[in-house]
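**Student:** Sharing a structure, written as structure tokens. Questions coming.
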Amino acid sequence: MDKVSLFKCDNYDESTVESAVKQAIDALGGMECFVKPGQTVVLKANMVMKCEPEKCATTHPSVVAAVGKLALSAGASQVMLADSAGGPFNEAYMGAIYKTSGFTEIAEKYGFTLNHNFDSFAVDMPNARVGKHFLICDCLQSADVIINISKLKTHSFTGYTNAVKNMFGAIPGLSKVEMHGQFRTLDVFGDFIYDILDYFGKKLTLNVTDAVMCMEGEGPTNGTPRKVGAVLASVNPASVDAVALKLMNIDPITMPFISKGVERGYLDKDLKLEVVGDSVENFVVPDYEYITPNNFKPFANLPQWLQGPVNKMMTQRPTINKKKCKGCKKCFEHCPVKAISMVETRGSDVKKAEIDYDKCIRCFCCQELCPFGVVKVKSGIVYKLMHRSGQKRIKNKSK
Ligand code: SF4
Ligand code: SF4
């Protein structure tokens, strides 16, 4: 049975975080079990976009620093901080994230390296379920050890994001757009994520979760910070996710990445896990606001003229507030199926983004990447009625 450690961490003060992270890793045997002297270690944090740590979209640098310091103490020859964000995988884009999100500061302070290798490595896995050929970041390929340091958040497409989904950041920059276009449904996309995990195998030695300040509502970048006050760790990313979801008051098995984890052999079908440290009950946030995963499947058997209106009524979809759209084109450039166009708008000097719902596959990349938070998730009328209780887009208010 997999072990998941869970420890209280009330805030991001250096000493508080260091103590919680050390307890969480010690409970699994100590950093010496995961990093051997002389090994090069990559800390794969969540660096989804350029934003301050307080926004809670990225892994907090103090959690990354605490893990990195333990890796150095265990004898790592190099500790490198790396991720590939939603945009281009290059120095300009990632450098801005390192600086704004606090990673440059901790690298300088503690002697870590920031990744400046933006090359890709071509993976061939003919026996993989769906990901037979794909690119990964060369820095992850070259490392001896990867430690995955995720942020617990809601996610408009997948319902939640944590350790499992964090490894999608192994795919370099715009290649992610291509993968979203190729693996369109949540079921197939889930298989692809587990193919990535299969690829890294035992090189991914440890998963640590920053669940101190999380994100609720329209995550992964446009939600609201919410305190959970914990740090978790496990050797198995699916196990750490299954426990972390309980803190958000979500039944783990209702999440497609967890049921996929069972199907792919990462989790026992009864989700039997040994939690060490503090008790789960101490951290459950009863009114955590989360989003139903978007298992969008177009009604392809209907006549063409009916598909648009039926899809609109029966699904969740992204909507753009044209008045607030700044015309920056980020959504336009990253839409995997070219469903967004930039159009002239009366009263505005700039072209604004517009979505063609007949093409849209509801991946919500536009919502994730809009730097101005003007892409919102809207539920169709029939969808709302069908999800009035239980699996609806829940605002679990118990107050
Ligand atoms: S419009 Fe947005 S949600 Fe739809 S396919 Fe494009 S990026 Fe994905
Ligand atoms: S990313 Fe946001 S602001 Fe930029 S064009 Fe798209 S909707 Fe408009």
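Ordering of the structure tokens sets the chain letters (A, B, ...); residue numbers start at 1 within each chain; ligands are numbered from 1 in the order shown.
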Please return as an mmCIF file with C-alpha atoms, in the first residue's frame the residues found within 10 Å of ligand 1, counting only C-alpha atoms and all ligand atoms.
**Tutor:**
```cif
data_model
loop_
_atom_site.group_PDB
_atom_site.id
_atom_site.type_symbol
_atom_site.label_atom_id
_atom_site.label_comp_id
_atom_site.auth_asym_id
_atom_site.auth_seq_id
_atom_site.Cartn_x
_atom_site.Cartn_y
_atom_site.Cartn_z
ATOM 1 C CA SER A 156 -11.434 23.981 -15.820
ATOM 2 C CA PHE A 157 -10.616 21.060 -18.103
ATOM 3 C CA VAL A 177 -0.915 22.791 -27.923
ATOM 4 C CA HIS A 180 -4.134 18.930 -26.720
ATOM 5 C CA GLY A 181 -5.214 18.884 -30.371
ATOM 6 C CA ARG A 184 -8.923 15.822 -27.260
ATOM 7 C CA GLN A 316 -19.544 23.995 -20.458
ATOM 8 C CA ARG A 317 -17.688 26.345 -22.749
ATOM 9 C CA PRO A 318 -15.213 29.195 -22.591
ATOM 10 C CA THR A 319 -16.615 32.687 -23.125
ATOM 11 C CA ILE A 320 -14.666 35.845 -23.835
ATOM 12 C CA LYS A 330 -2.327 34.700 -26.488
ATOM 13 C CA CYS A 331 -5.491 32.581 -26.706
ATOM 14 C CA PHE A 332 -5.483 32.864 -30.514
ATOM 15 C CA GLU A 333 -1.878 31.619 -30.695
ATOM 16 C CA HIS A 334 -2.423 28.673 -28.326
ATOM 17 C CA CYS A 335 -5.799 27.299 -29.360
ATOM 18 C CA PRO A 336 -4.980 23.726 -30.506
ATOM 19 C CA VAL A 337 -7.765 23.592 -33.091
ATOM 20 C CA LYS A 338 -7.652 27.196 -34.348
ATOM 21 C CA ALA A 339 -11.129 27.897 -33.003
ATOM 22 C CA ILE A 340 -10.246 31.484 -32.072
ATOM 23 C CA SER A 341 -10.052 34.397 -34.496
ATOM 24 C CA ALA A 353 -10.748 37.337 -29.672
ATOM 25 C CA GLU A 354 -13.836 35.392 -30.796
ATOM 26 C CA ILE A 355 -14.494 31.645 -30.415
ATOM 27 C CA ASP A 356 -16.002 29.371 -33.051
ATOM 28 C CA TYR A 357 -17.830 26.826 -30.870
ATOM 29 C CA ASP A 358 -18.242 24.393 -33.738
ATOM 30 C CA LYS A 359 -14.461 23.939 -33.699
ATOM 31 C CA CYS A 360 -13.821 24.362 -29.957
ATOM 32 C CA ILE A 361 -12.897 21.119 -28.145
ATOM 33 C CA ARG A 362 -13.290 22.643 -24.629
ATOM 34 C CA CYS A 363 -9.666 22.167 -23.575
ATOM 35 C CA PHE A 364 -9.819 25.534 -21.754
ATOM 36 C CA CYS A 365 -6.240 26.423 -22.716
ATOM 37 C CA CYS A 366 -7.553 29.907 -23.580
ATOM 38 C CA GLN A 367 -8.998 30.280 -20.094
ATOM 39 C CA GLU A 368 -5.751 29.040 -18.536
ATOM 40 C CA LEU A 369 -3.500 31.309 -20.569
ATOM 41 C CA CYS A 370 -5.411 34.606 -20.800
ATOM 42 C CA VAL A 375 -12.039 34.069 -20.489
ATOM 43 C CA VAL A 377 -16.312 29.140 -18.011
#
```
**Student:** Once DSSP has gone over the backbone, tell me which residues of range 73-195 of chain A are in helix (DSSP H, G or I), as a PyMOL selection string.
**Tutor:** chain A and resi 73+91-100+103-110+138-142+163-170+175-182+186-195
**Student:** With distances taken over only C-alpha atoms and all ligand atoms, which of A:Gly86, A:Pro53, A:Pro172, A:Gly223 is nearest to ligand 2?
**Tutor:** A:Gly86
**Student:** Using only C-alpha atoms, which protein or nucleic acid residues come within 7 Å of Gly75 in chain A? Drop anything in the same chain fewer than 6 positions from it, and give the result as a count of residues only.
**Tutor:** 3
**Student:** Taking 6 positions as the minimum chain separation for residues in the same chain, which residues sit within 8 Å of Lys352 in chain A when counting only C-alpha atoms? Answer as a PyMOL selection string.
**Tutor:** chain A and resi 322+325-327+342-345
**Student:** Quick one: residues within 6 Å of range 95-100 of chain A, only C-alpha atoms counted, chain neighbours fewer than 3 positions away excluded, as an MDAnalysis selection string?
**Tutor:** chainID A and resid 50:52 91:92 103:104
**Student:** So, counting only C-alpha atoms, which residue among A:Ser15, A:Thr254, A:Ser150, A:Asn249 is closest to Val280 in chain A?
**Tutor:**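 The shortest atom-to-atom distance to Val280 in chain A comes from A:Asn249.
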**Student:** Excluding same-chain residues fewer than 2 positions from Lys246 in chain A, what lies within 10 Å of it counting only C-alpha atoms, as a ChimeraX atom specification?
**Tutor:** /A:241-244,248-252,280-281,283-286
**Student:** Tell me, as a list of chain:residue names, which residues lie within 7 Å of Asp144 in chain A, counting only C-alpha atoms; anything in the same chain fewer than 6 positions away does not count.
**Tutor:**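 Here the answer would be A:Gln39, A:Thr40, A:Val41, A:Lys203.
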**Student:** Enumerate the residues of range 77-291 of chain A with a DSSP assignment of strand (DSSP E or B), computed from the backbone, and present them as a PyMOL selection string.
**Tutor:** chain A and resi 78-82+113-114+120-124+133-137+145-155+159-161+204-216+224-234+274-277+289
**Student:** Compare A:Phe118, A:Tyr93, A:Phe296, A:Phe112 by their minimum atom-to-atom distance to Gly68 in chain A, counting only C-alpha atoms, and give me the closest one.
**Tutor:**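 Of the candidates, the smallest distance to Gly68 in chain A is held by A:Phe112.
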**Student:** So how many Å separate CA of Met167 in chain A and CA of Ile136 in chain A, to one decimal?
**Tutor:**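 The value is 10.2 Å.
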**Student:** Which distance in Å separates CA of Gly87 in chain A and CA of Lys176 in chain A, to one decimal?
**Tutor:**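 The value is 9.0 Å.
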